[in-house]
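K.L.:
Data file coords-v4.txt (compact mmCIF, C-alpha atoms and all ligand atoms) is appended below.
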```
# COMPACT_ATOMS: atom_id res chain seq x y z
CA MET A 1 18.55 -1.49 1.83
CA ASN A 2 16.78 -0.98 5.13
CA ILE A 3 14.28 1.69 4.10
CA PRO A 4 11.31 2.56 6.32
CA TRP A 5 8.46 0.10 5.81
CA GLU A 6 5.15 -1.11 7.15
CA ASP A 7 2.98 -3.74 5.43
CA ARG A 8 -0.30 -2.77 3.85
CA PRO A 9 -3.09 -2.73 6.49
CA ALA A 10 -5.79 -5.34 5.85
CA ASN A 11 -8.49 -2.71 5.30
CA GLU A 12 -6.43 -0.64 2.84
CA THR A 13 -7.46 -0.79 -0.81
CA GLY A 14 -5.32 2.02 -2.25
CA VAL A 15 -2.14 1.49 -4.30
CA ILE A 16 -0.17 3.22 -1.53
CA TRP A 17 -0.90 3.46 2.18
CA ARG A 18 0.08 5.76 5.03
CA TYR A 19 2.45 4.89 7.86
CA SER A 20 0.40 4.22 10.99
CA ALA A 21 2.67 6.47 13.11
CA ASN A 22 2.32 9.55 10.87
CA PRO A 23 3.39 12.26 11.07
CA ILE A 24 7.02 11.22 11.56
CA ILE A 25 8.36 14.75 12.06
CA PRO A 26 6.42 17.08 14.36
CA ARG A 27 6.27 20.77 13.60
CA ASN A 28 8.30 21.70 16.67
CA LEU A 29 11.12 19.15 16.44
CA LEU A 30 13.44 22.15 16.69
CA ALA A 31 12.93 24.73 19.41
CA THR A 32 12.95 27.37 16.66
CA SER A 33 10.66 25.63 14.14
CA ASN A 34 7.11 26.63 13.32
CA SER A 35 6.79 23.74 10.84
CA ILE A 36 8.92 21.05 9.12
CA PHE A 37 7.51 19.73 5.84
CA ASN A 38 8.11 19.34 2.06
CA SER A 39 11.54 17.82 2.73
CA ALA A 40 13.95 15.46 0.96
CA VAL A 41 15.97 12.45 2.11
CA VAL A 42 18.51 10.05 0.54
CA PRO A 43 20.48 6.98 1.66
CA PHE A 44 23.73 8.18 3.25
CA GLY A 45 26.45 6.16 4.98
CA ASP A 46 24.84 3.47 7.19
CA GLY A 47 21.57 5.37 7.25
CA PHE A 48 19.98 8.42 5.70
CA ALA A 49 20.54 12.15 5.36
CA GLY A 50 18.21 14.89 4.25
CA VAL A 51 17.55 18.54 3.63
CA PHE A 52 14.51 19.80 5.50
CA ARG A 53 12.27 22.74 4.98
CA CYS A 54 12.06 24.34 8.42
CA ASP A 55 10.03 27.51 8.64
CA ASP A 56 11.12 29.19 11.87
CA THR A 57 9.05 31.07 14.42
CA ASN A 58 9.73 34.29 12.53
CA ARG A 59 8.05 32.37 9.66
CA ARG A 60 11.29 32.59 7.67
CA MET A 61 11.72 29.72 5.21
CA ARG A 62 15.05 27.97 5.87
CA LEU A 63 16.80 24.72 4.91
CA HIS A 64 18.35 22.46 7.56
CA ALA A 65 20.41 19.27 7.19
CA GLY A 66 19.33 16.16 9.10
CA PHE A 67 20.48 12.61 9.74
CA SER A 68 18.75 9.35 10.63
CA ARG A 69 19.61 5.68 11.20
CA ASP A 70 16.22 4.34 10.16
CA GLY A 71 14.68 7.09 7.99
CA ILE A 72 11.91 7.64 10.56
CA GLN A 73 13.53 9.17 13.64
CA TRP A 74 15.34 12.27 12.45
CA SER A 75 17.89 14.47 14.11
CA ILE A 76 17.80 17.87 12.42
CA GLU A 77 20.63 20.38 12.81
CA GLU A 78 19.65 23.40 14.85
CA GLU A 79 21.63 25.74 12.62
CA ASP A 80 20.23 26.29 9.14
CA ILE A 81 22.37 25.47 6.09
CA ARG A 82 24.80 28.26 5.19
CA LEU A 83 25.66 27.86 1.53
CA THR A 84 29.20 28.53 0.43
CA GLY A 85 31.08 29.46 -2.71
CA ALA A 86 28.53 31.30 -4.82
CA ASP A 87 28.82 34.68 -6.50
CA PRO A 88 27.44 37.02 -3.79
CA GLU A 89 24.84 38.24 -6.28
CA VAL A 90 23.02 34.90 -6.05
CA GLY A 91 24.59 33.68 -2.80
CA THR A 92 22.90 36.28 -0.60
CA TRP A 93 20.24 34.28 1.22
CA VAL A 94 16.67 35.51 0.91
CA TYR A 95 14.57 32.35 1.46
CA GLY A 96 14.59 28.70 0.44
CA TYR A 97 11.93 26.02 0.44
CA ASP A 98 10.75 22.67 -0.92
CA PRO A 99 14.21 21.03 -1.34
CA ARG A 100 14.91 17.90 -3.39
CA VAL A 101 18.13 15.87 -3.06
CA VAL A 102 19.70 13.40 -5.48
CA ARG A 103 22.98 11.52 -5.66
CA ILE A 104 24.74 11.76 -9.02
CA ASP A 105 28.17 10.07 -9.09
CA ASP A 106 29.79 11.02 -5.77
CA ARG A 107 27.92 14.26 -5.12
CA TYR A 108 24.56 14.92 -3.55
CA TYR A 109 22.85 17.73 -5.43
CA VAL A 110 20.22 19.87 -3.74
CA THR A 111 17.66 21.87 -5.69
CA TRP A 112 15.11 24.12 -4.01
CA CYS A 113 12.89 27.11 -4.53
CA ASN A 114 15.34 29.96 -3.97
CA GLY A 115 14.46 33.59 -3.40
CA TYR A 116 16.13 35.80 -5.99
CA HIS A 117 13.82 38.65 -7.03
CA GLY A 118 11.06 36.11 -6.62
CA PRO A 119 11.14 32.33 -6.54
CA THR A 120 13.51 30.45 -8.85
CA ILE A 121 15.50 27.19 -8.72
CA GLY A 122 18.58 27.19 -6.48
CA CYS A 123 21.28 24.51 -6.84
CA ALA A 124 24.05 23.27 -4.56
CA TRP A 125 26.05 20.12 -3.94
CA THR A 126 27.51 18.41 -0.91
CA THR A 127 29.37 15.22 -0.10
CA ASP A 128 28.84 15.26 3.68
CA PHE A 129 25.64 17.27 4.36
CA LYS A 130 27.79 19.72 6.32
CA VAL A 131 29.36 21.91 3.63
CA PHE A 132 27.02 22.88 0.81
CA HIS A 133 28.56 24.43 -2.30
CA GLN A 134 26.11 26.74 -4.02
CA LEU A 135 25.90 26.84 -7.83
CA GLU A 136 24.17 29.37 -10.05
CA ASN A 137 20.38 29.42 -10.03
CA ALA A 138 19.20 27.15 -12.84
CA PHE A 139 16.54 29.47 -14.27
CA LEU A 140 15.21 33.01 -14.28
CA PRO A 141 12.43 33.84 -11.82
CA PHE A 142 9.72 32.75 -11.51
CA ASN A 143 10.05 29.01 -11.17
CA ARG A 144 9.39 26.27 -8.58
CA ASN A 145 9.67 22.51 -8.18
CA GLY A 146 13.10 22.00 -9.78
CA VAL A 147 13.78 18.24 -9.68
CA LEU A 148 16.93 16.63 -11.09
CA PHE A 149 17.01 13.19 -12.71
CA PRO A 150 19.31 10.74 -10.87
CA ARG A 151 21.69 10.35 -13.82
CA LYS A 152 22.76 12.22 -16.89
CA ILE A 153 20.55 11.64 -19.92
CA ASP A 154 22.31 11.70 -23.27
CA GLY A 155 25.40 13.00 -21.45
CA LYS A 156 23.61 15.99 -19.85
CA PHE A 157 22.24 16.80 -16.41
CA ALA A 158 18.44 16.82 -16.69
CA MET A 159 15.89 18.75 -14.63
CA LEU A 160 12.13 19.14 -14.45
CA SER A 161 10.76 22.49 -13.33
CA ARG A 162 7.54 24.45 -13.19
CA PRO A 163 7.64 28.06 -14.42
CA SER A 164 5.28 30.15 -12.32
CA ASP A 165 4.53 33.66 -11.13
CA ASN A 166 5.52 35.56 -8.00
CA GLY A 167 2.43 34.65 -5.99
CA HIS A 168 0.32 31.58 -5.25
CA THR A 169 0.40 30.69 -8.92
CA PRO A 170 -2.99 29.67 -10.36
CA PHE A 171 -1.43 27.80 -13.34
CA GLY A 172 1.58 25.61 -14.04
CA ASP A 173 3.01 23.10 -16.50
CA ILE A 174 6.05 20.85 -16.01
CA PHE A 175 9.02 21.45 -18.34
CA TYR A 176 12.27 19.55 -18.98
CA SER A 177 15.69 21.25 -19.35
CA GLU A 178 19.22 19.96 -19.77
CA SER A 179 22.70 21.19 -18.88
CA PRO A 180 26.25 20.07 -19.70
CA ASP A 181 27.64 21.45 -16.43
CA MET A 182 24.85 22.24 -13.87
CA GLU A 183 25.28 25.93 -14.73
CA PHE A 184 23.90 26.58 -18.21
CA TRP A 185 20.42 25.17 -18.78
CA GLY A 186 18.64 24.95 -22.11
CA ARG A 187 16.88 22.81 -24.73
CA HIS A 188 13.67 23.36 -22.74
CA ARG A 189 10.89 20.91 -23.57
CA HIS A 190 7.26 20.85 -22.46
CA VAL A 191 6.33 17.73 -20.48
CA MET A 192 2.79 18.03 -19.06
CA SER A 193 0.00 20.54 -18.60
CA PRO A 194 -2.66 20.36 -15.89
CA ALA A 195 -5.31 17.77 -16.74
CA LYS A 196 -8.69 18.61 -18.17
CA PHE A 197 -11.13 19.21 -15.33
CA GLU A 198 -13.58 16.65 -16.66
CA LEU A 199 -10.88 13.95 -16.82
CA SER A 200 -9.00 14.37 -13.54
CA ALA A 201 -9.95 17.36 -11.41
CA TRP A 202 -7.34 16.93 -8.62
CA GLN A 203 -4.62 17.92 -11.13
CA CYS A 204 -6.54 20.47 -13.21
CA THR A 205 -5.17 23.79 -11.85
CA LYS A 206 -1.38 23.24 -11.69
CA ILE A 207 1.08 20.39 -11.38
CA GLY A 208 4.69 20.04 -10.22
CA ALA A 209 7.31 17.29 -10.06
CA GLY A 210 7.67 15.68 -6.64
CA PRO A 211 10.43 13.19 -5.75
CA VAL A 212 13.41 12.51 -8.03
CA PRO A 213 12.13 10.31 -10.91
CA ILE A 214 12.82 6.58 -10.53
CA GLU A 215 14.14 4.57 -13.47
CA THR A 216 12.07 1.51 -14.34
CA ARG A 217 11.96 -0.77 -17.39
CA GLU A 218 8.74 0.99 -18.40
CA GLY A 219 10.13 4.52 -18.21
CA TRP A 220 10.89 7.11 -15.51
CA LEU A 221 8.28 6.92 -12.78
CA LEU A 222 7.43 10.48 -11.81
CA ILE A 223 5.34 11.14 -8.72
CA PHE A 224 3.92 14.64 -9.04
CA HIS A 225 1.58 16.88 -7.10
CA GLY A 226 -1.56 18.30 -8.62
CA VAL A 227 -3.83 21.08 -7.47
CA LEU A 228 -7.58 21.57 -7.55
CA ALA A 229 -8.91 25.07 -6.92
CA SER A 230 -11.89 24.51 -4.62
CA CYS A 231 -14.30 27.14 -3.30
CA ASN A 232 -12.24 26.98 -0.11
CA GLY A 233 -8.77 27.26 -1.66
CA PHE A 234 -6.17 24.98 -3.26
CA VAL A 235 -6.17 21.23 -2.56
CA TYR A 236 -2.84 19.40 -3.15
CA SER A 237 -2.93 15.67 -4.00
CA PHE A 238 -0.38 13.50 -5.77
CA GLY A 239 -0.34 10.97 -8.60
CA SER A 240 2.08 9.35 -11.01
CA ALA A 241 3.30 9.43 -14.60
CA LEU A 242 5.69 7.44 -16.76
CA LEU A 243 8.17 9.40 -18.88
CA ASP A 244 10.20 8.06 -21.81
CA LEU A 245 13.64 6.92 -20.62
CA ASN A 246 15.63 8.66 -23.39
CA ALA A 247 13.31 11.59 -24.08
CA PRO A 248 11.67 12.28 -20.68
CA TRP A 249 9.53 15.12 -22.03
CA LYS A 250 7.44 12.40 -23.72
CA VAL A 251 4.70 11.24 -21.36
CA LEU A 252 3.90 7.54 -21.78
CA ALA A 253 1.15 7.33 -19.13
CA ARG A 254 -0.39 9.50 -16.43
CA SER A 255 -2.68 8.41 -13.63
CA GLY A 256 -6.25 9.70 -13.67
CA PRO A 257 -7.00 8.93 -10.01
CA TYR A 258 -4.66 10.31 -7.35
CA LEU A 259 -2.36 8.06 -5.33
CA LEU A 260 -3.04 10.06 -2.17
CA SER A 261 -5.06 13.14 -1.31
CA PRO A 262 -5.51 15.10 1.93
CA GLN A 263 -7.91 13.08 4.07
CA ARG A 264 -6.33 12.54 7.50
CA SER A 265 -6.56 15.25 10.13
CA TYR A 266 -2.80 16.03 9.91
CA GLU A 267 -3.22 16.56 6.14
CA CYS A 268 -6.35 18.68 6.46
CA MET A 269 -5.41 20.83 9.45
CA GLY A 270 -2.36 23.00 9.83
CA ASP A 271 -0.92 26.23 8.53
CA VAL A 272 -2.23 25.49 5.01
CA PRO A 273 -5.08 22.96 5.14
CA ASN A 274 -5.57 20.20 2.56
CA VAL A 275 -1.99 19.81 1.32
CA THR A 276 -0.10 16.55 0.64
CA PHE A 277 3.18 17.47 -1.05
CA PRO A 278 5.76 14.72 -1.85
CA CYS A 279 9.44 15.71 -2.19
CA ALA A 280 11.34 12.41 -1.82
CA ALA A 281 11.03 8.64 -2.22
CA LEU A 282 13.32 5.78 -1.23
CA HIS A 283 13.25 2.62 -3.35
CA ASP A 284 14.71 -0.74 -2.41
CA PRO A 285 15.30 -2.64 -5.69
CA ASP A 286 15.57 -6.04 -3.93
CA THR A 287 12.06 -5.89 -2.44
CA ASP A 288 10.58 -3.22 -4.79
CA ARG A 289 9.43 -1.34 -1.69
CA LEU A 290 8.92 2.39 -1.99
CA ALA A 291 8.74 4.88 0.90
CA ILE A 292 7.37 8.32 -0.05
CA TYR A 293 8.05 11.37 2.15
CA TYR A 294 5.41 14.04 1.91
CA GLY A 295 4.64 17.32 3.63
CA CYS A 296 1.23 17.62 5.28
CA ALA A 297 -0.75 20.87 5.54
CA ASP A 298 2.52 22.86 5.27
CA THR A 299 3.14 21.83 8.88
CA VAL A 300 4.53 18.28 9.41
CA THR A 301 6.20 15.45 7.45
CA SER A 302 4.74 11.98 6.84
CA LEU A 303 5.48 8.67 5.12
CA ALA A 304 3.48 6.53 2.70
CA PHE A 305 4.43 3.08 1.37
CA GLY A 306 3.82 1.01 -1.72
CA TYR A 307 5.47 -1.24 -4.28
CA LEU A 308 7.04 0.51 -7.24
CA ASN A 309 5.74 -2.02 -9.74
CA ASP A 310 2.17 -1.64 -8.43
CA ILE A 311 2.43 2.11 -8.98
CA VAL A 312 3.78 1.59 -12.51
CA GLU A 313 0.87 -0.76 -13.30
CA PHE A 314 -1.63 1.65 -11.71
CA THR A 315 -0.22 4.49 -13.84
CA LYS A 316 -0.64 2.51 -17.06
CA LYS A 317 -4.03 1.07 -16.16
CA THR A 318 -5.63 4.38 -15.16
CA SER A 319 -3.86 6.60 -17.69
CA ILE A 320 -5.83 9.55 -19.01
C1 LIG A 401 3.16 25.91 -2.96
C2 LIG A 401 4.50 25.85 -2.25
C3 LIG A 401 4.53 24.68 -1.30
C4 LIG A 401 3.31 24.61 -0.43
C5 LIG A 401 2.05 24.78 -1.24
C6 LIG A 401 0.80 24.86 -0.40
O1 LIG A 401 3.08 27.05 -3.76
O2 LIG A 401 4.68 27.05 -1.51
O3 LIG A 401 5.64 24.83 -0.47
O4 LIG A 401 3.26 23.35 0.21
O5 LIG A 401 2.13 25.95 -2.02
O6 LIG A 401 0.86 25.98 0.45
```
Could you render the structure as structure tokens?
P.N.:
Amino acid sequence: MNIPWEDRPANETGVIWRYSANPIIPRNLLATSNSIFNSAVVPFGDGFAGVFRCDDTNRRMRLHAGFSRDGIQWSIEEEDIRLTGADPEVGTWVYGYDPRVVRIDDRYYVTWCNGYHGPTIGCAWTTDFKVFHQLENAFLPFNRNGVLFPRKIDGKFAMLSRPSDNGHTPFGDIFYSESPDMEFWGRHRHVMSPAKFELSAWQCTKIGAGPVPIETREGWLLIFHGVLASCNGFVYSFGSALLDLNAPWKVLARSGPYLLSPQRSYECMGDVPNVTFPCAALHDPDTDRLAIYYGCADTVTSLAFGYLNDIVEFTKKTSI
């Protein structure tokens, strides 16, 4: 699979490294966009498709479909996604942000933070990234960072999420839920709490699942964001964990150090400074290459690269 890639620069010592041409999506790619970030992509046809968080120049949070041949140059639809088919009670659009996309069988499912009396997890599916069929919200408000697993586990759809409050939540644990039909969710299980400050401070305030977990022989590799509350506001970095393949609420390992934290100017300057927020990853099993898409400073979208097996080893070796 021809996923975006650039070899590790000679002076780079981290497990993952940034693309030299970051950011790949400028804030004003659309005439109407204030910012394009925290977005999700998947292989589609001969190339890639995605669902993008585009905040417009009214600062309304909208989702837009996009297409790309190479995963780097994106063409994003000018019209935002108009969901179809839902009960009007939940189908009346309020806002949507931080989408994730996953292919399960022959459907692409989209989950996002959906406005319904506060943030909760919206769900929809598409086959062509043109018509999006909306499903019921997965959970009650308030919840964010709903991320589906890429296959059913024990015959059920499986989702991670992060119950929260209505504001800029100062807490947050990751939970696991399952569903027979993508409508009724239950059997909720606790996965991870924020880390102890003295062990790993970048993830000590709140955490949330990032890209769709990737199945490896050692467990599900979960890349997740973590937040440190500094004297100057929240700082969003990301790290990795390994979850049990059959019981993903069991954490097998969790990285102490981050994989990436806001350090470049485009990560430290923007509408919300000091944010790196991953929402998608592409893996090529033949080469083990991984391309991670992450939002920067709530303004633009960037890419980072690494080898999946290196990240698995890093997770085990540095586990807290
Ligand atoms: C979170 C979400 C993200 C955002 C982050 C930093 O609560 O709103 O979309 O990137 O805050 O502002």
K.L.:
Mind listing as a list of chain:residue names all residues within 8 Å of (24.1, 31.3, -13.0), counting only C-alpha atoms?
P.N.:
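Checked against the point, the hits come out as A:Val90, A:Leu135, A:Glu136, A:Asn137, A:Ala138, A:Phe139, A:Glu183, A:Phe184.
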K.L.:
In the coordinates of the file, take the point (7.8, -5.5, -19.0) and a cut-off of 12 Å; then, counting only C-alpha atoms, name each qualifying protein, DNA or RNA residue as a list in words.
P.N.:
Thr216, Arg217, Glu218, Gly219, Asn309, Val312, Glu313 and Lys316 of chain A
K.L.:
From the list A:Phe67, A:Phe238, A:Trp125, A:Tyr97, which residue is nearest ligand LIG 401 (chain A) when using all atoms listed in the file?
P.N.:
A:Tyr97
K.L.:
Please determine, counting all atoms listed in the file, which residue among A:Pro285, A:Gly122, A:Pro194, A:Pro273 has the shortest atom-to-atom distance to ligand LIG 401 (chain A).
P.N.:
A:Pro273
K.L.:
Name each residue within 9 Å of ligand LIG 401 (chain A), counting all atoms listed in the file, as a list of chain:residue names.
P.N.:
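Using all atoms listed in the file, everything at most 9 Å from ligand LIG 401 (chain A) comes to A:Phe37, A:Asn38, A:Arg53, A:Tyr97, A:Asp98, A:Cys113, A:Arg144, A:Asn145, A:Gly167, A:His168, A:Thr169, A:Phe234, A:Val235, A:Tyr236, A:Asp271, A:Val272, A:Pro273, A:Asn274, A:Val275, A:Thr276, A:Phe277, A:Gly295, A:Cys296, A:Ala297, A:Asp298, A:Thr299.
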K.L.:
Quick one: residues within 10 Å of Phe175 of chain A, only C-alpha atoms counted, chain neighbours fewer than 6 positions away excluded, as a list in words?
P.N.:
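Result of the neighbour search: Gly146, Met159, Leu160, Ser161, Arg162, Pro163, His188, Arg189, His190, Val191, Met192, Ser193, Gly208, Ala209, Pro248 and Trp249 of chain A.
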K.L.:
Atom CA of Gly226 of chain A to atom CA of Trp5 of chain A: how many Å, to one decimal?
P.N.:
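Taking atom CA of Gly226 of chain A as the start and atom CA of Trp5 of chain A as the end point, the length is 25.3 Å.
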K.L.:
Mind giving me the straight-line distance from atom CA of Trp17 of chain A to atom CA of Leu260 of chain A in Å, one decimal?
P.N.:
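Those two atoms sit 8.2 Å apart.
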K.L.:
Measuring atom to atom with all atoms listed in the file, identify which of A:Gly115, A:Gly256, A:Pro211, A:Pro180 is nearest to Leu290 of chain A.
P.N.:
A:Pro211
K.L.:
Quick one: pull the distance between atom CA of Val110 of chain A and atom CA of Gly91 of chain A, Å, one decimal.
P.N.:
14.5 Å
K.L.:
Quick one: everything within 12 Å of Leu29 of chain A, counting all atoms listed in the file, minus sequence neighbours fewer than 3 positions away in the same chain. Send it as a PyMOL selection string.
P.N.:
chain A and resi 23-26+32-37+52+54-56+64+66+73-78+299-301
K.L.:
Would you pick out the contacts of Ala229 of chain A at 10 Å or less, using only C-alpha atoms, so that residues sharing its chain but fewer than 2 positions from it are not included, and give the list as a ChimeraX atom specification?
P.N.:
/A:170,201-206,227,231-236
K.L.:
Find the smallest box with edges along x, y and z containing every listed atom of segment 200-214 of chain A, then add 8 Å on each side and report centre and edge lengths in Å to one decimal, as JSON.
P.N.:
```
{"center_x": 1.7, "center_y": 15.2, "center_z": -9.6, "size_x": 39.4, "size_y": 33.2, "size_z": 23.8}
```
K.L.:
Restricting the calculation to all atoms listed in the file, which member of A:Leu199, A:Ile81, A:Ile223, A:Met269 is positioned closest to Ala291 of chain A?
P.N.:
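Closest residue, counting all atoms listed in the file: A:Ile223.
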K.L.:
Could you check which of A:Val94, A:Ile3, A:Val15, A:Ser164 is closest to Arg69 of chain A, using all atoms listed in the file?
P.N.:
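Looking at the shortest contact to Arg69 of chain A, the residue is A:Ile3.
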K.L.:
Looking at all atoms listed in the file, which of A:Ile104, A:Ala195, A:Ala304, A:Val51 is the one that sits closest to Ala281 of chain A?
P.N.:
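The answer is A:Ala304, which sits nearest to Ala281 of chain A.
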K.L.:
Applying 7 Å and only C-alpha atoms, which residues near Asn114 of chain A remain after dropping the ones on its own chain fewer than 4 positions away? List them as an NGL selection string.
P.N.:
:A and (95-97 or 119-122)
